[in-house]
Structure formats: C-alpha cells, structure tokens
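Okay, so here's the structure we're looking at.
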Amino acid sequence: QQSIGVTTMAGVRPAAIVSMVLLHCRPIECASIARFRVFRQSAQHRSDMPNNLLRRRWFLQGVAVSPTWLPFRSQSNAKPPPPPHPSRDELAGAFEEWEDMVPFENEDFRRFDESNDKLFYDEPKLVEHIDKAGVSALTRFHETELQNIAQGLGKSSTQDLDVLDLCSSWVSHLGSARPRKVVGLGMNMEELQANPVLTERIVADLNASPKLDLPDSSFDAVLCQLSIDYLIKPIDVAAEAFRVLRPGGVFVVTFSNRLFFQKAVAVWTGKSDLDHIETVGAFMHYSDAPIKSIHAFDLIPNVIKTGGDPLYAVVGTKS
C-alpha cells in the first residue's frame, strides 16, 4: 500500500485526534496500530543489537498512515485481525533473563499529546475501558488474588487486608472481596467519589510526581488497573508501590491492548501482548525494590476464539 507520508511527533497529533473523534473518545485496540507503519528514526546502526533489546527500545517517532486506515476504523463493525497470543511457555519464560542496564530511554516515555494530564482527565470518564468479559475476568482475578494474599499473610479473610488502588477511578473491580481499607489514588475526584469501595480518596498526578505521600509498609496489596501504559515514570511508580507494601505483599498490574492512543507512552504503542508483559515485568525488576518473584497471568486464554479484549496481569511479590 502507498503511504501518506512520515510525519514528526507534532505533525502526527492531528491524525491521533481524528482517530479519537472517530472512536468517540473510547480506547482503541493496540492491534489497530498494525494499520500504521512504524519507523524508528535514528542515526545509530542497530543491526548488531539483540532482538529483545531492539523490541524494547522501539520508539514511535514517526508514523506513515495507510490511506485505508481511517475508513477501516470508521466502520462500526470493522475489527482488525487478532494479534499473536502468547503461549504458556512464553508467559512462563517472560522474566527469565534481564539485561544488565535499564533497557529504556527517556524518549520511550514520550507521548503524542504531551499537554498537562489534568486537562485530559478533568472530565470524568465513568465507563469501563474493556469489554464485559474482560471486566468479569478482572474482577474474578482480583477476588482470587486477594484471597490468596490474605491466606499467604496468615489473615483470616480479605476483610483484614489494606489495599491501595493506583490510578483509581469509579470502580476497583474487587467483586466480593471487601478489604478493611481501600485507598484510591486517581486524577479525578468525581470518579473517586463514585467508587463505593474506597475508604479514602486521594487526587494525585503520578506523571507530575511518582512519589506517594504514604508511609512505608502500610499496604498488603497495590493495584494498578488498565493504566500502566499512561505512566511516564513507571519504574519510579513501581519502586513506590513496593515501598508502601508490607513484606509478602503484592503489586498487581493488569492491562489489555485498549488505550487512549494520544496519552500512551511510546514504549507501549504498536507492541505485542508479550512485549507488554515483558515491559511491565521490567518496570518492576529495574525499580531495585526487594522483589521475591514476578509472574505473568493470561486472564482470558481463549480470547482468540471469543474475539474479545485480551487481559493480562503481572504480579510482583515483595520479599
């Protein structure tokens, strides 16, 4: 196909805005980004670099848009082909090897829309960002994970747990689990006030400052739902999450391939599900926190057959 052209970061913003208008400001699928041709513009020769390093450092600096992409997405029932789904072996081996140096650069966390995030999140978004099957799977996973945490910490039930919900909104997807304390930290107070399980609400912008104004070792679980792809300092946020966890506590990061494209960081866009899993694990590993283990979970393993939204979790346990 003939490309319209390669644009700069500034020049591609209108295209991103048009795409979001067509989608009525709903998150789009990363699989849709396959309709783009992505180029990394660099003077450095990288042919001798390992594949995993290349893939982790792939930065979306210029985009050539296929002339069929916008009509494709404007069709209400049109869906892109499903992306490759990671196997069990790939999930099990996702965190077996780590590079000596942090495999990210500052440019990996640039976004199409670099405006103040408070402007974007000022309007409450009281909607789910994944489909119904994804919401059900996310809720079941949290219920099970919180029960396991309670048992592992020698607590009688989830009612004895203290939970921090990072990037919180109007729903925390806890299901039947009812921790005694659920602190929600998010960008919009109206969304937080609509969340009935929260016992405390904090408005804070983690992109402005990843430092949490919370004491050390004060939570049994820290959750980050469907938001890790918007953080421009995710390693710092991971370090803070482990700091506020008690020994044996867990940092649970869940994500899909849907996103607000203009606010997602470059290291996330246009990548496969396995890349996302490895990236989240790397955020935890390179935080230098005392981590006992990191594991990945496929929450909807039959998603290729069902055609819904994929959903994954990366769980780090504090030593």
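All residue names refer to the structure tokens as shown: chains lettered A, B, ... in order, residues numbered from 1 in each chain, ligands numbered from 1 in order.
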
#### Entry: Within 8 Å of region 283-288 of chain A using only C-alpha atoms, minus same-chain residues under 4 positions, as a PyMOL selection string
chain A and resi 102+234-236+238-239+279+316

### Task
Just list the residues in region 138-304 of chain A DSSP gives strand (DSSP E or B) on the backbone, as an MDAnalysis selection string.
chainID A and resid 162:166 181:186 200:203 219:225 245:255 258:259 291:298

Please save N, CA and C atoms of the selected residues as a CSV table (one decimal), in the first residue's frame.
chain,number,residue,atom,x,y,z
A,162,ASP,N,-5.3,-4.4,53.7
A,162,ASP,CA,-5.2,-2.9,53.3
A,162,ASP,C,-4.8,-2.9,51.9
A,163,VAL,N,-5.5,-2.2,51.0
A,163,VAL,CA,-5.3,-2.2,49.6
A,163,VAL,C,-5.1,-0.7,49.1
A,164,LEU,N,-4.2,-0.5,48.2
A,164,LEU,CA,-4.0,0.8,47.5
A,164,LEU,C,-4.3,0.6,46.1
A,165,ASP,N,-5.3,1.3,45.6
A,165,ASP,CA,-5.7,1.3,44.1
A,165,ASP,C,-5.1,2.5,43.4
A,166,LEU,N,-4.0,2.3,42.7
A,166,LEU,CA,-3.3,3.4,42.0
A,166,LEU,C,-4.1,3.6,40.7
A,181,LYS,N,-9.5,-1.6,54.3
A,181,LYS,CA,-9.1,-0.3,53.8
A,181,LYS,C,-8.8,-0.3,52.4
A,182,VAL,N,-9.4,0.5,51.6
A,182,VAL,CA,-9.1,0.6,50.1
A,182,VAL,C,-8.9,2.1,49.8
A,183,VAL,N,-7.6,2.5,49.6
A,183,VAL,CA,-7.2,3.8,49.3
A,183,VAL,C,-7.2,4.0,47.8
A,184,GLY,N,-8.0,4.9,47.3
A,184,GLY,CA,-8.0,5.1,45.8
A,184,GLY,C,-7.2,6.4,45.5
A,185,LEU,N,-6.2,6.3,44.7
A,185,LEU,CA,-5.4,7.4,44.2
A,185,LEU,C,-5.6,7.6,42.7
A,186,GLY,N,-6.2,8.7,42.3
A,186,GLY,CA,-6.6,9.0,40.9
A,186,GLY,C,-6.5,10.4,40.6
A,200,GLU,N,-10.8,5.8,51.4
A,200,GLU,CA,-10.0,7.1,51.4
A,200,GLU,C,-9.8,7.4,49.9
A,201,ARG,N,-9.8,8.7,49.6
A,201,ARG,CA,-9.6,9.2,48.2
A,201,ARG,C,-8.5,10.2,48.2
A,202,ILE,N,-7.6,10.0,47.2
A,202,ILE,CA,-6.5,11.0,47.1
A,202,ILE,C,-6.4,11.4,45.6
A,203,VAL,N,-6.4,12.7,45.3
A,203,VAL,CA,-6.2,13.1,43.9
A,203,VAL,C,-4.8,13.5,43.8
A,219,PHE,N,0.6,-1.3,53.2
A,219,PHE,CA,-0.5,-2.0,52.5
A,219,PHE,C,-0.1,-3.5,52.2
A,220,ASP,N,-1.1,-4.3,52.0
A,220,ASP,CA,-0.9,-5.7,51.7
A,220,ASP,C,-0.9,-5.9,50.2
A,221,ALA,N,-1.6,-5.0,49.5
A,221,ALA,CA,-1.7,-5.2,48.0
A,221,ALA,C,-1.8,-3.8,47.4
A,222,VAL,N,-1.1,-3.6,46.3
A,222,VAL,CA,-1.2,-2.4,45.5
A,222,VAL,C,-1.7,-2.8,44.1
A,223,LEU,N,-2.8,-2.2,43.6
A,223,LEU,CA,-3.3,-2.5,42.3
A,223,LEU,C,-3.1,-1.3,41.3
A,224,CYS,N,-2.8,-1.7,40.1
A,224,CYS,CA,-2.8,-0.7,39.0
A,224,CYS,C,-3.5,-1.3,37.8
A,225,GLN,N,-4.7,-0.8,37.6
A,225,GLN,CA,-5.6,-1.4,36.6
A,225,GLN,C,-5.7,-0.6,35.3
A,245,LEU,N,4.3,-1.4,50.3
A,245,LEU,CA,3.9,-2.8,50.6
A,245,LEU,C,4.6,-3.3,51.8
A,246,ARG,N,3.8,-4.1,52.5
A,246,ARG,CA,4.4,-4.9,53.6
A,246,ARG,C,5.1,-6.1,53.1
A,247,PRO,N,6.1,-6.7,53.8
A,247,PRO,CA,6.8,-7.9,53.3
A,247,PRO,C,5.7,-9.0,53.0
A,248,GLY,N,5.9,-9.6,51.8
A,248,GLY,CA,4.9,-10.6,51.4
A,248,GLY,C,3.7,-10.0,50.6
A,249,GLY,N,3.6,-8.7,50.6
A,249,GLY,CA,2.6,-8.0,49.8
A,249,GLY,C,2.8,-8.1,48.3
A,250,VAL,N,1.8,-7.8,47.5
A,250,VAL,CA,1.9,-7.9,46.1
A,250,VAL,C,1.6,-6.6,45.3
A,251,PHE,N,2.2,-6.4,44.2
A,251,PHE,CA,1.9,-5.3,43.3
A,251,PHE,C,1.3,-6.0,42.1
A,252,VAL,N,0.0,-5.7,41.8
A,252,VAL,CA,-0.7,-6.3,40.8
A,252,VAL,C,-1.0,-5.3,39.7
A,253,VAL,N,-0.4,-5.5,38.5
A,253,VAL,CA,-0.6,-4.7,37.4
A,253,VAL,C,-1.4,-5.4,36.3
A,254,THR,N,-2.6,-4.9,35.9
A,254,THR,CA,-3.4,-5.5,34.9
A,254,THR,C,-3.5,-4.6,33.7
A,255,PHE,N,-3.6,-5.2,32.5
A,255,PHE,CA,-3.6,-4.4,31.3
A,255,PHE,C,-4.2,-5.2,30.1
A,258,ARG,N,-6.3,-2.1,24.8
A,258,ARG,CA,-7.0,-0.9,24.6
A,258,ARG,C,-6.4,0.2,25.3
A,259,LEU,N,-6.5,1.4,24.6
A,259,LEU,CA,-5.8,2.6,25.2
A,259,LEU,C,-6.3,3.9,24.6
A,291,ILE,N,12.2,-7.6,45.6
A,291,ILE,CA,11.2,-8.4,45.0
A,291,ILE,C,11.5,-9.9,45.1
A,292,LYS,N,10.6,-10.7,45.6
A,292,LYS,CA,10.8,-12.1,45.7
A,292,LYS,C,10.5,-12.8,44.4
A,293,SER,N,9.5,-12.4,43.7
A,293,SER,CA,9.2,-13.0,42.4
A,293,SER,C,8.3,-12.1,41.6
A,294,ILE,N,8.3,-12.4,40.3
A,294,ILE,CA,7.4,-11.7,39.3
A,294,ILE,C,6.8,-12.8,38.4
A,295,HIS,N,5.5,-12.8,38.3
A,295,HIS,CA,4.8,-13.8,37.5
A,295,HIS,C,3.8,-13.1,36.6
A,296,ALA,N,3.5,-13.7,35.4
A,296,ALA,CA,2.6,-13.2,34.4
A,296,ALA,C,1.4,-14.2,34.3
A,297,PHE,N,0.2,-13.6,34.1
A,297,PHE,CA,-1.0,-14.4,34.0
A,297,PHE,C,-1.8,-13.9,32.8
A,298,ASP,N,-2.4,-14.9,32.1
A,298,ASP,CA,-3.3,-14.6,31.0
A,298,ASP,C,-4.7,-14.8,31.5

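For the set A:Ser217, A:Ser227, A:Thr269, A:Asn207, the residue with the smallest atom-to-atom gap to Val244 (chain A) is A:Ser217, counting only C-alpha atoms.
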
### Task
Please provide the set of residues having any atom within 12 Å of Glu278 (chain A), restricted to only C-alpha atoms, with same-chain residues fewer than 5 positions apart removed, written as a count of residues only.
33

### Task
Check the DSSP output for the backbone and give back, as an MDAnalysis selection string, the residues of region 93-235 of chain A in alpha helix (DSSP H).
chainID A and resid 117:121 132:152 189:193 234:235

### Task
Rank A:Leu311, A:Ala194, A:Ile300, A:Ala208 by their smallest atom-to-atom distance to Pro124 (chain A), using only C-alpha atoms, and report the top residue only.
A:Ala194

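Residue nearest Ser319 (chain A) within the list A:Asn302, A:His129, A:Phe242, A:Phe260: A:Phe242 [criterion: smallest interatomic distance, only C-alpha atoms].
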
### Message
As an exercise, work out the distance from CA of Asp205 (chain A) to CA of Asp275 (chain A) in Å and give it to one decimal place.
### Response
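Result for CA of Asp205 (chain A) versus CA of Asp275 (chain A): 25.9 Å, one decimal.
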
### Summary
Counting only C-alpha atoms, the residue among A:Ser172, A:Arg140, A:Val303, A:Ser209 that lies closest to Glu128 (chain A) is A:Ser172

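The gap separating CA of Val135 (chain A) from CA of Gly307 (chain A) is 14.7 Å, in Å to one decimal.
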
### Task
Select, from A:Ile228, A:His85, A:Ala266, A:Asp100, the residue with the minimum atom-to-atom distance to Gly281 (chain A), counting only C-alpha atoms.
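With only C-alpha atoms as the atom set, the closest residue is A:Ile228.
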
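With only C-alpha atoms as the atoms that count, the residue of A:Thr144, A:Thr158, A:Ser168, A:Ser256 with the shortest distance to Glu191 (chain A) is A:Ser168.
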
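Take CA of Cys167 (chain A) and CA of Asp229 (chain A): the distance between them is 11.2 Å.
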